[in-house]
Amino acid sequence: MASAYLSMGEAHRRITDFLNRFSDAVSSQDAKSLCLIFSISSNSSFLLSLSDALITFQDASRVMRQADRYSQYADILLPLFRALQSYRLKNLVESYQAFEKAANAFTQEFRNWESAWALEALYVIAYETRILAERADRELASNGKTPEKLKGAGSFLMKVFGVLAGKGSKRVGALYVTCQLFKIYFNLGTVHLCKSVTRSIETARIFDFKEFPLRDKVTYMYYTGRLEVYNENFSAADHKLSYALNHCNPRKERNIRMILKYLIPVKVSIGILPKTSLLEKYNLTEYNNIVLALRRGDLRLLRCALQEHEDQFLRSGVYLVLEKLELQVYQRLLKKIYIIQKLKDQNKAHQIKLDLIVRALKWLEIDMDVDEVECIMSILIYKNFVKGYFAHKSKVVVLSKQDPFPRLTGKAVNS
């Protein structure tokens, strides 16, 4: 709340000082100062003191009309003042609505400027638009109203993307705005909307991926990698998430953990198991028993691990991917039986009776009859987890004498 001791004169001075800062930043092309001016959610002492002044003075528009150097930016500054004042008073919906108006007016100015000097300020505006919309939606939901501001923020940022998706130096900013859009779409559960933006980035001739800042490329590859995970396109997911991991700032452990949360399910799906030390280092212990189950061929352990962390895996969108690891576990179990038989009688090691597999599963406290096991073995052979054929009459799996268990190929996760 505004200070009880703030005089009208002091409030007037703070507002005038802010107007001078904005005008000077634009005239001298000082993007750094503009970034501070638009960072509403930062709760900086500079903006808090201005907010208090606005609440005390009430009529900032009168100050603005005193000079042309201020009034020419009235479409930006007046709604920005309302946004600051509302944010200070915790009226988050009003704050977002006013900020979007200010952001829209600034974007129009940015469009008319020849150079990209204010690109960093536009990044701040894109970020603040998303953050304020998220907070406004929480306020709406808490009052029993329909959250709609984040959806509106997505529509606004698509306009910003359009401003940047042209020729010249401004286009390097398109990837940052794209990443803000991804965050909105993933938050809203409307990931299908990512397609139109990714199509523009990856196919439009005006963009060269090499030109974009590394920070934005890492974020882009993280989100598009997640999209590939949802589509179960593991080769593309591996490529994109591995790029994000390999180029991520090594000091940003939280970001590395977020990448690994999706890269690990991809890697295990293509046969690469992470080290326990990696899981411990980045607090991804929910994968410990899944990896152990794959190593052991322990179907019971896999199912228990999936059940224990079901909510977590469902929220991440990787549950179905992990559930399909059962075939790898069956392959590993069959391989263990094969190795044990080979030690007993090398000549008959490649002939495995279904009854033996039934007994192994029973030892793991999983009850299956011969017909169910026959079905699973047929799937393993069909999907090339196992080389061989099935002798139906004798109820025997006959494994190939050469490479009966083909390796799933992939690159290891860096530790």
# chains A, B, ... in the order shown; residues from 1 in each chain; ligands from 1
call {"tool": "residues_around", "arguments": {"residues": "Phe57 in chain A", "least_positions_apart": "6", "cutoff": "10 Å", "atoms": "only C-alpha atoms", "output": "PyMOL selection string"}}
result
chain A and resi 6-12+15+51+63
call {"tool": "residues_around", "arguments": {"residues": "Ile376 in chain A", "least_positions_apart": "2", "cutoff": "12 Å", "atoms": "only C-alpha atoms", "output": "list of chain:residue names"}}
result
A:Glu326, A:Leu327, A:Gln328, A:Val329, A:Tyr330, A:Gln331, A:Leu334, A:Leu354, A:Ile357, A:Val358, A:Met368, A:Asp369, A:Val370, A:Asp371, A:Glu372, A:Val373, A:Glu374, A:Ser378, A:Ile379, A:Leu380, A:Ile381, A:Tyr382, A:Lys383, A:Phe385, A:Val386, A:Phe390, A:Val397
call {"tool": "residues_around", "arguments": {"residues": "Ser115 in chain A", "least_positions_apart": "2", "cutoff": "12 Å", "atoms": "only C-alpha atoms", "output": "MDAnalysis selection string"}}
result
chainID A and resid 29 31 109:113 117:119 164 167:171
call {"tool": "residues_around", "arguments": {"residues": "Ile270 in chain A", "least_positions_apart": "5", "cutoff": "12 Å", "atoms": "only C-alpha atoms", "output": "list in words"}}
result
Glu232, Asn233, Phe234, Ser235, Ala236, Ala237, Asp238, Leu263, Ile264, Pro265, Leu294, Val321, Leu322, Lys324, Leu325, Leu327, Gln328, Phe385, Pro406, Arg407, Leu408, Thr409, Gly410, Lys411, Ala412 and Val413 of chain A
call {"tool": "atom_distance", "arguments": {"atom1": "CA of Phe38 in chain A", "atom2": "CA of Cys194 in chain A"}}
result
26.6 Å
call {"tool": "select_by_dssp", "arguments": {"residues": "range 255-405 of chain A", "states": "strand (DSSP E or B)", "output": "list in words"}}
result
Gln351, Ile352, Lys353, Gly388, Tyr389, Phe390, Ala391, Val396, Val397, Val398 and Leu399 of chain A
call {"tool": "write_last_selection", "arguments": {"atoms": "N, CA and C atoms", "output": "PDB file, in the first residue's frame"}}
result
ATOM      1  N   GLN A 351      16.087 -73.086 -27.145  1.00  0.00           N
ATOM      2  CA  GLN A 351      14.698 -73.585 -27.076  1.00  0.00           C
ATOM      3  C   GLN A 351      14.155 -73.353 -25.663  1.00  0.00           C
ATOM      4  N   ILE A 352      13.224 -72.430 -25.550  1.00  0.00           N
ATOM      5  CA  ILE A 352      12.689 -72.073 -24.224  1.00  0.00           C
ATOM      6  C   ILE A 352      11.209 -72.454 -24.148  1.00  0.00           C
ATOM      7  N   LYS A 353      10.899 -73.343 -23.225  1.00  0.00           N
ATOM      8  CA  LYS A 353       9.506 -73.762 -23.055  1.00  0.00           C
ATOM      9  C   LYS A 353       8.691 -72.640 -22.396  1.00  0.00           C
ATOM     10  N   GLY A 388      13.530 -65.049 -33.664  1.00  0.00           N
ATOM     11  CA  GLY A 388      13.203 -66.468 -33.557  1.00  0.00           C
ATOM     12  C   GLY A 388      11.809 -66.734 -34.085  1.00  0.00           C
ATOM     13  N   TYR A 389      11.295 -67.897 -33.688  1.00  0.00           N
ATOM     14  CA  TYR A 389       9.922 -68.213 -34.103  1.00  0.00           C
ATOM     15  C   TYR A 389       9.260 -69.013 -32.983  1.00  0.00           C
ATOM     16  N   PHE A 390       7.969 -69.190 -33.132  1.00  0.00           N
ATOM     17  CA  PHE A 390       7.210 -69.848 -32.081  1.00  0.00           C
ATOM     18  C   PHE A 390       6.687 -71.197 -32.569  1.00  0.00           C
ATOM     19  N   ALA A 391       7.047 -72.246 -31.855  1.00  0.00           N
ATOM     20  CA  ALA A 391       6.555 -73.595 -32.181  1.00  0.00           C
ATOM     21  C   ALA A 391       5.284 -73.834 -31.377  1.00  0.00           C
ATOM     22  N   VAL A 396       6.945 -73.937 -27.485  1.00  0.00           N
ATOM     23  CA  VAL A 396       8.360 -73.580 -27.293  1.00  0.00           C
ATOM     24  C   VAL A 396       8.699 -72.349 -28.138  1.00  0.00           C
ATOM     25  N   VAL A 397       9.470 -71.436 -27.549  1.00  0.00           N
ATOM     26  CA  VAL A 397      10.039 -70.320 -28.317  1.00  0.00           C
ATOM     27  C   VAL A 397      11.406 -70.785 -28.797  1.00  0.00           C
ATOM     28  N   VAL A 398      11.597 -70.785 -30.113  1.00  0.00           N
ATOM     29  CA  VAL A 398      12.883 -71.193 -30.682  1.00  0.00           C
ATOM     30  C   VAL A 398      13.636 -69.928 -31.081  1.00  0.00           C
ATOM     31  N   LEU A 399      14.696 -69.632 -30.337  1.00  0.00           N
ATOM     32  CA  LEU A 399      15.466 -68.406 -30.581  1.00  0.00           C
ATOM     33  C   LEU A 399      16.484 -68.604 -31.691  1.00  0.00           C
TER      34      LEU A 399
END
call {"tool": "atom_distance", "arguments": {"atom1": "CA of Lys217 in chain A", "atom2": "CA of Val318 in chain A"}}
result
22.9 Å
call {"tool": "select_by_dssp", "arguments": {"residues": "range 121-351 of chain A", "states": "alpha helix (DSSP H)", "output": "ChimeraX atom specification"}}
result
/A:121-142,149-164,174-188,194-203,214-230,234-247,253-269,276-281,288-296,299-308,310-316,319-323,326-344
call {"tool": "closest_residue", "arguments": {"among": "A:Lys101, A:Arg62, A:Arg21, A:Arg14", "to": "Ser49 in chain A", "atoms": "only C-alpha atoms"}}
result
A:Arg14
call {"tool": "residues_around", "arguments": {"residues": "Ala174 in chain A", "least_positions_apart": "5", "cutoff": "9 Å", "atoms": "only C-alpha atoms", "output": "list of chain:residue names"}}
result
A:Val160, A:Phe161, A:Gly162, A:Val163, A:Leu164, A:Ala165, A:Cys179, A:Ile201, A:Phe207, A:Phe212
call {"tool": "write_last_selection", "arguments": {"atoms": "C-alpha atoms", "output": "CSV table (one decimal), in the first residue's frame"}}
result
chain,number,residue,atom,x,y,z
A,160,VAL,CA,4.1,-10.0,-31.5
A,161,PHE,CA,5.5,-13.1,-33.3
A,162,GLY,CA,4.0,-11.7,-36.6
A,163,VAL,CA,5.8,-8.4,-36.0
A,164,LEU,CA,9.1,-10.3,-35.6
A,165,ALA,CA,8.6,-12.8,-38.4
A,179,CYS,CA,9.1,-20.2,-26.3
A,201,ILE,CA,10.3,-21.5,-37.4
A,207,PHE,CA,14.5,-17.9,-40.3
A,212,PHE,CA,18.9,-17.4,-32.8
call {"tool": "atom_distance", "arguments": {"atom1": "CA of Leu132 in chain A", "atom2": "CA of Arg82 in chain A"}}
result
13.5 Å
